[in-house]
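For reference, the structure is listed below as structure tokens.
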Amino acid sequence: MNIHAIRAIYKFEMARTFRTILQSVVSPVVSTSLYFVVFGGAIGSRIAEIDGVTYGAYIVPGLIMLSLLTQSIMNASFGIYFPKFIGTIYEILSAPISSLEIVIGYVGAAATKSIMLGLITLGTAALFVPLHIEHPLWMLGFLALTAVTFSLFGFIIGIWAKSFEQLQVIPMLIVTPLAFLGGSFYSIDMLPPLWRTISLANPVVYLVSGFRWSFFGKSDVAIEISLAITLLFLVACLGIVAWIFKTGYRLKN
Amino acid sequence: MTAIVSISDVSKTYASGFTALKNISLDIHKGEIFALLGPNGAGKTTLINIICGIVRASTGHISADGHDIIDDYRKARFKIGLVPQELTTDAFETVWATVTLSRGLFGRGQNPAHIEKILKDLSLWEKKDSKIMTLSGGMKRRVMIAKALSHEPTILFLDEPSAGVDVELRRDMWEMVRSLRANGVTIILTTHYIEEAEEMADRVGVINKGEIILVEEKQALMRKLGKKEITLELAQPISAIPDSLAHHKLELSGNGHELTYSYDTQGERTGITTLLQDLAQTGIRFRDLNTKQSSLEDIFVDLVRERS
Ligand SMILES: Nc1ncnc2c1ncn2[C@@H]1O[C@H](COP(=O)(O)OP(=O)(O)OP(=O)(O)O)[C@@H](O)[C@H]1O
Ligand SMILES: [Mg+2]
């Protein structure tokens, strides 16, 4: 293991994060507050409790997941796309490091950032609604697992993308809709049976459901299934990353 | 001579179908400065990028310091430093941060004292906390050199080190390259400039259209290639070369406005002094004087003709 290399990449990436920390923090705080004003306050007051939880509190896990997904994909895809774009990737390709070490460095830094932002989102939410977290360790576990999985996914997008447009297109056209339709703001049990079944094809449903379980002890789908599906996605991403490095896909001529 | 980099039968065909290298075999000797000369598109960068792991060879094997660059890439790459042709830098980062990153990437623990020394050697110390985008082109190139040296490599590749570099910096760079070699570093550089090879190299390889067409000790090569021309622009045109100058082998051109004299820079005597004396005696005055070294282009033409 080239520990020095992992540490160097991680530190370098984190330094980039901290240099722009204000922008990074302001946006989740503002958007979370807006969601609470609109969904929690204006609309939520007209919605009955779900599973014995007020609507304002009910949407907290979904909101955090939403921010976690977007941030993980954005940070990780940008983190690797940028050196590719400006050409500094040559150094990573010529360094005595394995693909695994590259991934640990970049994905680790991206996941760290999105976990931080997830916790900030949680803190912001706590200002609006009283929160009680049933399984705090599971909550952190899910947070970390999702951050890592989607940072890996973002890493793949960053390598695949040939332009800034492509970098944006997957998060915008696929991830955001999936996140919104994934039960972030409602329980899929509230849907008509057909739509509930269709929703089960959406991986985000399992993330949100598992995460919500760690907060309230109740979930749309069994926690084991949530966990299994998330892990499955993680393994799939790892497989793709391994293939990318093996073939040099969009990295080496 | 032990080979520190050994290239055998390397070919490269890019995805586009273009074959940039054709069965290259070449040994770089330990401790030498090797200049790879060739026109645009000859395949210099492709070859270097393959050795450094940035491009994959289609066929062939390469070892660096005895380690296969694929099977034993960690050990091989650990020894290698690369200053690429393109100025690609982390524009928003500071000089210090980017050089520190390089050292870590290449598997060395932190050593601020070493980085300080490199930056001072390259006159970058005052700029260590500046963002790279605020530096001039020449400074950026020095940052690239600092990055390449950060992990104390024993094999250094310089791909067109003098592109966009002023005369003074070029001198400094040559100085640095020499002192690296004195410390046992093997240096492989590419260039379009025969002067640079002449100034620096121990051996010269010429590559053209993906093929190595010559590898030779510099001294021997310079003797072959060292032709130079002086062109004198005359104040008054002359209709023919006066008899008193006939033995100088001059050529008259430009409607009698230009006299051209060819000589061998490596020769014992160039004959310039007597030529100028004779011109003065004949009463021929000139307005301007140009010298021109045989260009790489001429050399290639010569080389290719020689081979066929
Ligand atoms: N990624 C690529 N895909 C297809 N062809 C390429 C690629 N990179 C380089 N080539 C081609 O390979 C040939 C050799 O290019 P290379 O960059 O190695 O030349 P060079 O000797 O370094 O030239 P220069 O002196 O201009 O730097 C060129 O014809 C170039 O167009
Ligand atoms: Mg080149």
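Following the order of the structure tokens, first chain is A, next is B, and so on, with residues numbered from 1 inside each chain and ligands from 1 in the order they appear.
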
Show which residues sit within 12 Å of Thr98 in chain B, as a CSV table (one decimal) with N, CA and C atoms, in the first residue's frame. Count only C-alpha atoms, and ignore same-chain residues fewer than 6 positions away.
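Listing of selection29.csv after writing:
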```csv
chain,number,residue,atom,x,y,z
A,8,ALA,N,-1.7,11.9,0.6
A,8,ALA,CA,-1.4,13.1,-0.2
A,8,ALA,C,-2.7,13.5,-1.0
A,9,ILE,N,-3.3,12.5,-1.6
A,9,ILE,CA,-4.5,12.8,-2.4
A,9,ILE,C,-5.6,13.3,-1.5
A,11,LYS,N,-5.5,14.7,1.5
A,11,LYS,CA,-5.2,16.0,2.1
A,11,LYS,C,-5.4,17.1,1.0
A,12,PHE,N,-4.9,16.8,-0.2
A,12,PHE,CA,-5.0,17.8,-1.3
A,12,PHE,C,-6.5,18.1,-1.6
A,13,GLU,N,-7.3,17.0,-1.6
A,13,GLU,CA,-8.7,17.2,-1.9
A,13,GLU,C,-9.4,17.9,-0.8
A,15,ALA,N,-8.1,20.0,1.3
A,15,ALA,CA,-7.7,21.4,1.3
A,15,ALA,C,-8.6,22.2,0.3
A,16,ARG,N,-8.9,21.5,-0.8
A,16,ARG,CA,-9.7,22.2,-1.8
A,16,ARG,C,-11.1,22.4,-1.2
A,88,THR,N,-3.8,17.5,-15.3
A,88,THR,CA,-2.9,17.1,-14.2
A,88,THR,C,-3.0,15.6,-13.9
A,91,GLU,N,-0.1,13.0,-13.7
A,91,GLU,CA,0.8,12.7,-12.6
A,91,GLU,C,0.2,11.5,-11.8
B,88,THR,N,0.6,21.6,-17.6
B,88,THR,CA,-0.6,21.4,-16.9
B,88,THR,C,-0.5,21.5,-15.4
B,89,THR,N,-1.1,22.5,-14.8
B,89,THR,CA,-0.9,22.7,-13.4
B,89,THR,C,-2.2,22.9,-12.7
B,90,ASP,N,-2.2,22.6,-11.4
B,90,ASP,CA,-3.4,22.9,-10.6
B,90,ASP,C,-3.4,24.4,-10.4
B,91,ALA,N,-4.1,25.1,-11.3
B,91,ALA,CA,-4.1,26.6,-11.3
B,91,ALA,C,-4.4,27.2,-10.0
B,92,PHE,N,-5.4,26.6,-9.2
B,92,PHE,CA,-5.9,27.2,-8.0
B,92,PHE,C,-5.1,26.9,-6.8
B,104,GLY,N,4.1,13.0,-2.2
B,104,GLY,CA,3.3,12.0,-1.6
B,104,GLY,C,2.8,11.0,-2.6
B,105,LEU,N,2.4,11.4,-3.7
B,105,LEU,CA,1.9,10.5,-4.8
B,105,LEU,C,2.9,9.5,-5.1
B,115,ILE,N,11.8,19.8,0.0
B,115,ILE,CA,11.0,20.6,-1.0
B,115,ILE,C,11.5,22.1,-0.9
B,119,LEU,N,12.7,24.1,-4.2
B,119,LEU,CA,12.1,25.4,-4.6
B,119,LEU,C,13.2,26.5,-4.6
B,128,LYS,N,6.4,30.3,-3.1
B,128,LYS,CA,5.8,29.1,-2.6
B,128,LYS,C,4.4,29.1,-2.1
B,129,ASP,N,3.9,30.3,-1.7
B,129,ASP,CA,2.6,30.4,-1.3
B,129,ASP,C,1.7,31.1,-2.3
B,130,SER,N,2.2,31.3,-3.5
B,130,SER,CA,1.4,31.9,-4.5
B,130,SER,C,0.6,30.8,-5.3
B,131,LYS,N,-0.6,31.2,-5.7
B,131,LYS,CA,-1.4,30.3,-6.5
B,131,LYS,C,-0.7,30.2,-7.9
B,132,ILE,N,-0.7,29.0,-8.5
B,132,ILE,CA,0.1,28.7,-9.7
B,132,ILE,C,-0.4,29.6,-10.8
B,140,LYS,N,5.9,28.5,-14.2
B,140,LYS,CA,5.0,27.3,-14.2
B,140,LYS,C,5.9,26.1,-14.6
B,143,VAL,N,7.8,25.0,-11.8
B,143,VAL,CA,7.0,24.3,-10.9
B,143,VAL,C,6.8,22.8,-11.3
B,144,MET,N,6.7,22.6,-12.6
B,144,MET,CA,6.5,21.2,-13.1
B,144,MET,C,7.8,20.5,-12.8
B,145,ILE,N,9.0,21.2,-13.0
B,145,ILE,CA,10.2,20.5,-12.7
B,145,ILE,C,10.3,20.2,-11.2
B,146,ALA,N,9.9,21.1,-10.4
B,146,ALA,CA,10.0,20.9,-8.9
B,146,ALA,C,9.1,19.7,-8.6
B,147,LYS,N,7.9,19.6,-9.2
B,147,LYS,CA,7.1,18.4,-8.9
B,147,LYS,C,7.8,17.1,-9.3
B,148,ALA,N,8.4,17.1,-10.5
B,148,ALA,CA,9.1,15.9,-11.0
B,148,ALA,C,10.3,15.5,-10.1
B,150,SER,N,10.4,16.2,-6.8
B,150,SER,CA,10.0,16.2,-5.4
B,150,SER,C,10.3,14.8,-4.7
```

Residues of chain A within 8 Å of chain B, counting only C-alpha atoms, what are they? List them as a PDB file with C-alpha atoms, in the first residue's frame.
```
ATOM      1  CA  ASN A   2       1.286   3.420  -0.904  1.00  0.00           C
ATOM      2  CA  ILE A   3      -0.094   5.087   2.218  1.00  0.00           C
ATOM      3  CA  HIS A   4       1.760   8.309   1.464  1.00  0.00           C
ATOM      4  CA  ALA A   5      -0.059   8.616  -1.832  1.00  0.00           C
ATOM      5  CA  ILE A   6      -3.486   8.016  -0.334  1.00  0.00           C
ATOM      6  CA  ARG A   7      -2.787  10.584   2.329  1.00  0.00           C
ATOM      7  CA  ALA A   8      -1.445  13.075  -0.203  1.00  0.00           C
ATOM      8  CA  ILE A   9      -4.528  12.814  -2.422  1.00  0.00           C
ATOM      9  CA  PHE A  12      -5.003  17.772  -1.263  1.00  0.00           C
ATOM     10  CA  PRO A  83      -7.570  16.789 -13.214  1.00  0.00           C
ATOM     11  CA  ILE A  86      -6.875  20.337 -17.007  1.00  0.00           C
ATOM     12  CA  GLY A  87      -4.441  17.513 -17.679  1.00  0.00           C
ATOM     13  CA  THR A  88      -2.886  17.080 -14.242  1.00  0.00           C
ATOM     14  CA  TYR A  90      -0.839  12.634 -15.980  1.00  0.00           C
ATOM     15  CA  GLU A  91       0.789  12.679 -12.590  1.00  0.00           C
ATOM     16  CA  ILE A  92      -1.685  10.287 -11.021  1.00  0.00           C
ATOM     17  CA  LEU A  93      -1.331   7.929 -13.963  1.00  0.00           C
ATOM     18  CA  SER A  94       2.450   7.991 -13.746  1.00  0.00           C
ATOM     19  CA  ALA A  95       2.685   7.641  -9.975  1.00  0.00           C
ATOM     20  CA  PRO A  96       3.467   4.330  -8.269  1.00  0.00           C
ATOM     21  CA  ILE A  97      -0.073   3.916  -6.994  1.00  0.00           C
ATOM     22  CA  LYS A 252      -5.255   5.967 -20.894  1.00  0.00           C
ATOM     23  CA  ASN A 253      -4.735   5.820 -24.620  1.00  0.00           C
TER      24      ASN A 253
END
```

Close residues to ligand 2 using only C-alpha atoms and all ligand atoms, limit 8 Å, as a list of chain:residue names: B:Asn40, B:Gly41, B:Ala42, B:Gly43, B:Lys44, B:Thr45, B:Thr46, B:Gln85, B:Asp159, B:Glu160, B:Thr190

What parts of range 49-186 of chain B does DSSP call strand (DSSP E or B)? I'd like the answer as a PDB file with N, CA and C atoms, in the first residue's frame.
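Final output, states29.pdb:
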```
ATOM      1  N   THR B  59       2.649  -3.188 -28.204  1.00  0.00           N
ATOM      2  CA  THR B  59       3.496  -4.375 -28.068  1.00  0.00           C
ATOM      3  C   THR B  59       4.797  -3.961 -27.395  1.00  0.00           C
ATOM      4  N   GLY B  60       5.558  -4.960 -26.956  1.00  0.00           N
ATOM      5  CA  GLY B  60       6.900  -4.697 -26.452  1.00  0.00           C
ATOM      6  C   GLY B  60       6.992  -4.617 -24.948  1.00  0.00           C
ATOM      7  N   HIS B  61       8.228  -4.526 -24.483  1.00  0.00           N
ATOM      8  CA  HIS B  61       8.498  -4.490 -23.044  1.00  0.00           C
ATOM      9  C   HIS B  61       9.447  -3.365 -22.720  1.00  0.00           C
ATOM     10  N   ILE B  62       9.277  -2.837 -21.506  1.00  0.00           N
ATOM     11  CA  ILE B  62      10.185  -1.795 -21.047  1.00  0.00           C
ATOM     12  C   ILE B  62      10.534  -2.081 -19.599  1.00  0.00           C
ATOM     13  N   SER B  63      11.792  -1.890 -19.260  1.00  0.00           N
ATOM     14  CA  SER B  63      12.123  -1.951 -17.835  1.00  0.00           C
ATOM     15  C   SER B  63      12.867  -0.691 -17.441  1.00  0.00           C
ATOM     16  N   ALA B  64      12.630  -0.275 -16.202  1.00  0.00           N
ATOM     17  CA  ALA B  64      13.312   0.894 -15.661  1.00  0.00           C
ATOM     18  C   ALA B  64      14.022   0.451 -14.391  1.00  0.00           C
ATOM     19  N   HIS B  67      13.215  -2.973 -13.339  1.00  0.00           N
ATOM     20  CA  HIS B  67      11.840  -3.361 -13.018  1.00  0.00           C
ATOM     21  C   HIS B  67      10.951  -3.195 -14.237  1.00  0.00           C
ATOM     22  N   ASP B  68      10.186  -4.227 -14.548  1.00  0.00           N
ATOM     23  CA  ASP B  68       9.253  -4.128 -15.664  1.00  0.00           C
ATOM     24  C   ASP B  68       8.211  -3.044 -15.352  1.00  0.00           C
ATOM     25  N   ILE B  80      11.142   7.149 -11.298  1.00  0.00           N
ATOM     26  CA  ILE B  80      11.001   8.021 -12.465  1.00  0.00           C
ATOM     27  C   ILE B  80      10.350   9.354 -12.125  1.00  0.00           C
ATOM     28  N   GLY B  81      10.896  10.410 -12.689  1.00  0.00           N
ATOM     29  CA  GLY B  81      10.264  11.722 -12.605  1.00  0.00           C
ATOM     30  C   GLY B  81       9.973  12.193 -14.013  1.00  0.00           C
ATOM     31  N   LEU B  82       8.853  12.879 -14.205  1.00  0.00           N
ATOM     32  CA  LEU B  82       8.477  13.323 -15.549  1.00  0.00           C
ATOM     33  C   LEU B  82       8.077  14.799 -15.546  1.00  0.00           C
ATOM     34  N   VAL B  83       8.700  15.554 -16.439  1.00  0.00           N
ATOM     35  CA  VAL B  83       8.235  16.916 -16.701  1.00  0.00           C
ATOM     36  C   VAL B  83       7.592  16.872 -18.075  1.00  0.00           C
ATOM     37  N   THR B  94      -1.464  26.312  -4.460  1.00  0.00           N
ATOM     38  CA  THR B  94      -0.198  27.004  -4.276  1.00  0.00           C
ATOM     39  C   THR B  94       0.935  26.100  -4.749  1.00  0.00           C
ATOM     40  N   LYS B 131      -0.586  31.210  -5.717  1.00  0.00           N
ATOM     41  CA  LYS B 131      -1.351  30.283  -6.544  1.00  0.00           C
ATOM     42  C   LYS B 131      -0.660  30.165  -7.896  1.00  0.00           C
ATOM     43  N   ILE B 155      15.694   8.656 -12.456  1.00  0.00           N
ATOM     44  CA  ILE B 155      15.548   8.748 -13.908  1.00  0.00           C
ATOM     45  C   ILE B 155      14.599   9.918 -14.161  1.00  0.00           C
ATOM     46  N   LEU B 156      15.067  10.894 -14.922  1.00  0.00           N
ATOM     47  CA  LEU B 156      14.235  12.076 -15.135  1.00  0.00           C
ATOM     48  C   LEU B 156      13.947  12.264 -16.625  1.00  0.00           C
ATOM     49  N   PHE B 157      12.670  12.398 -16.945  1.00  0.00           N
ATOM     50  CA  PHE B 157      12.277  12.676 -18.318  1.00  0.00           C
ATOM     51  C   PHE B 157      11.892  14.145 -18.446  1.00  0.00           C
ATOM     52  N   LEU B 158      12.483  14.814 -19.401  1.00  0.00           N
ATOM     53  CA  LEU B 158      12.138  16.210 -19.657  1.00  0.00           C
ATOM     54  C   LEU B 158      11.617  16.276 -21.093  1.00  0.00           C
ATOM     55  N   ASP B 159      10.308  16.439 -21.230  1.00  0.00           N
ATOM     56  CA  ASP B 159       9.723  16.481 -22.571  1.00  0.00           C
ATOM     57  C   ASP B 159       9.655  17.934 -23.026  1.00  0.00           C
ATOM     58  N   THR B 186      19.910   9.917 -14.205  1.00  0.00           N
ATOM     59  CA  THR B 186      19.915   9.723 -15.651  1.00  0.00           C
ATOM     60  C   THR B 186      18.844  10.636 -16.242  1.00  0.00           C
TER      61      THR B 186
END
```

Pick from A:Phe18, A:Phe142, A:Phe36, A:Phe85, whichever lies nearest to Phe211 in chain A using only C-alpha atoms: A:Phe142

Would you mind listing what lies within 10 Å of Ser27 in chain A as a VMD selection string, with only C-alpha atoms counted and same-chain residues fewer than 6 positions away left out? chain A and resid 33 67 117 121

All alpha helix (DSSP H) positions in range 151-287 of chain B, as a PyMOL selection string: chain B and resi 167-182+194-200+218-225+272-282

So that I can check the surroundings of Thr32 in chain A, please list as a list in words every protein, DNA and RNA residue that reaches within 8 Å of it, counting only C-alpha atoms and ignoring chain neighbours fewer than 2 positions away.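 The neighbour list is Pro28, Val29, Val30, Leu34, Tyr35, Phe36, Leu63, Thr121, Thr124 and Ala125 of chain A.
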
Which one of A:Ala109, A:Ile133, A:Val37, A:Ile64 sits closest to Thr17 in chain A if you count only C-alpha atoms?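 Closest to Thr17 in chain A of all the choices is A:Ala109.
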
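Interatomic distance, CA of Leu143 in chain A to CA of Gly56 in chain A: 20.0 Å.
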
Do you have the CA of Glu175 in chain B-atom 21 (O, counted along the ligand's line) of ligand 1 distance handy?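 If I compute the distance from CA of Glu175 in chain B to atom 21 (O, counted along the ligand's line) of ligand 1, I get 24.6 Å.
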
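Minimum atom-to-atom distance to ligand 1, evaluated using only C-alpha atoms and all ligand atoms, belongs to B:Glu211 out of B:Asp264, B:Asp243, B:Glu211, B:Glu258.
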
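Rounded to one decimal, atom 12 (O, counted along the ligand's line) of ligand 1 and CA of Ile28 in chain B lie 22.1 Å from each other.
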
Within 10 Å of range 213-219 of chain A, counting only C-alpha atoms, which residues qualify if same-chain residues fewer than 5 places away don't, as a ChimeraX atom specification? /A:51-53,57-58,60-61,131-142,187-189,206-208,226
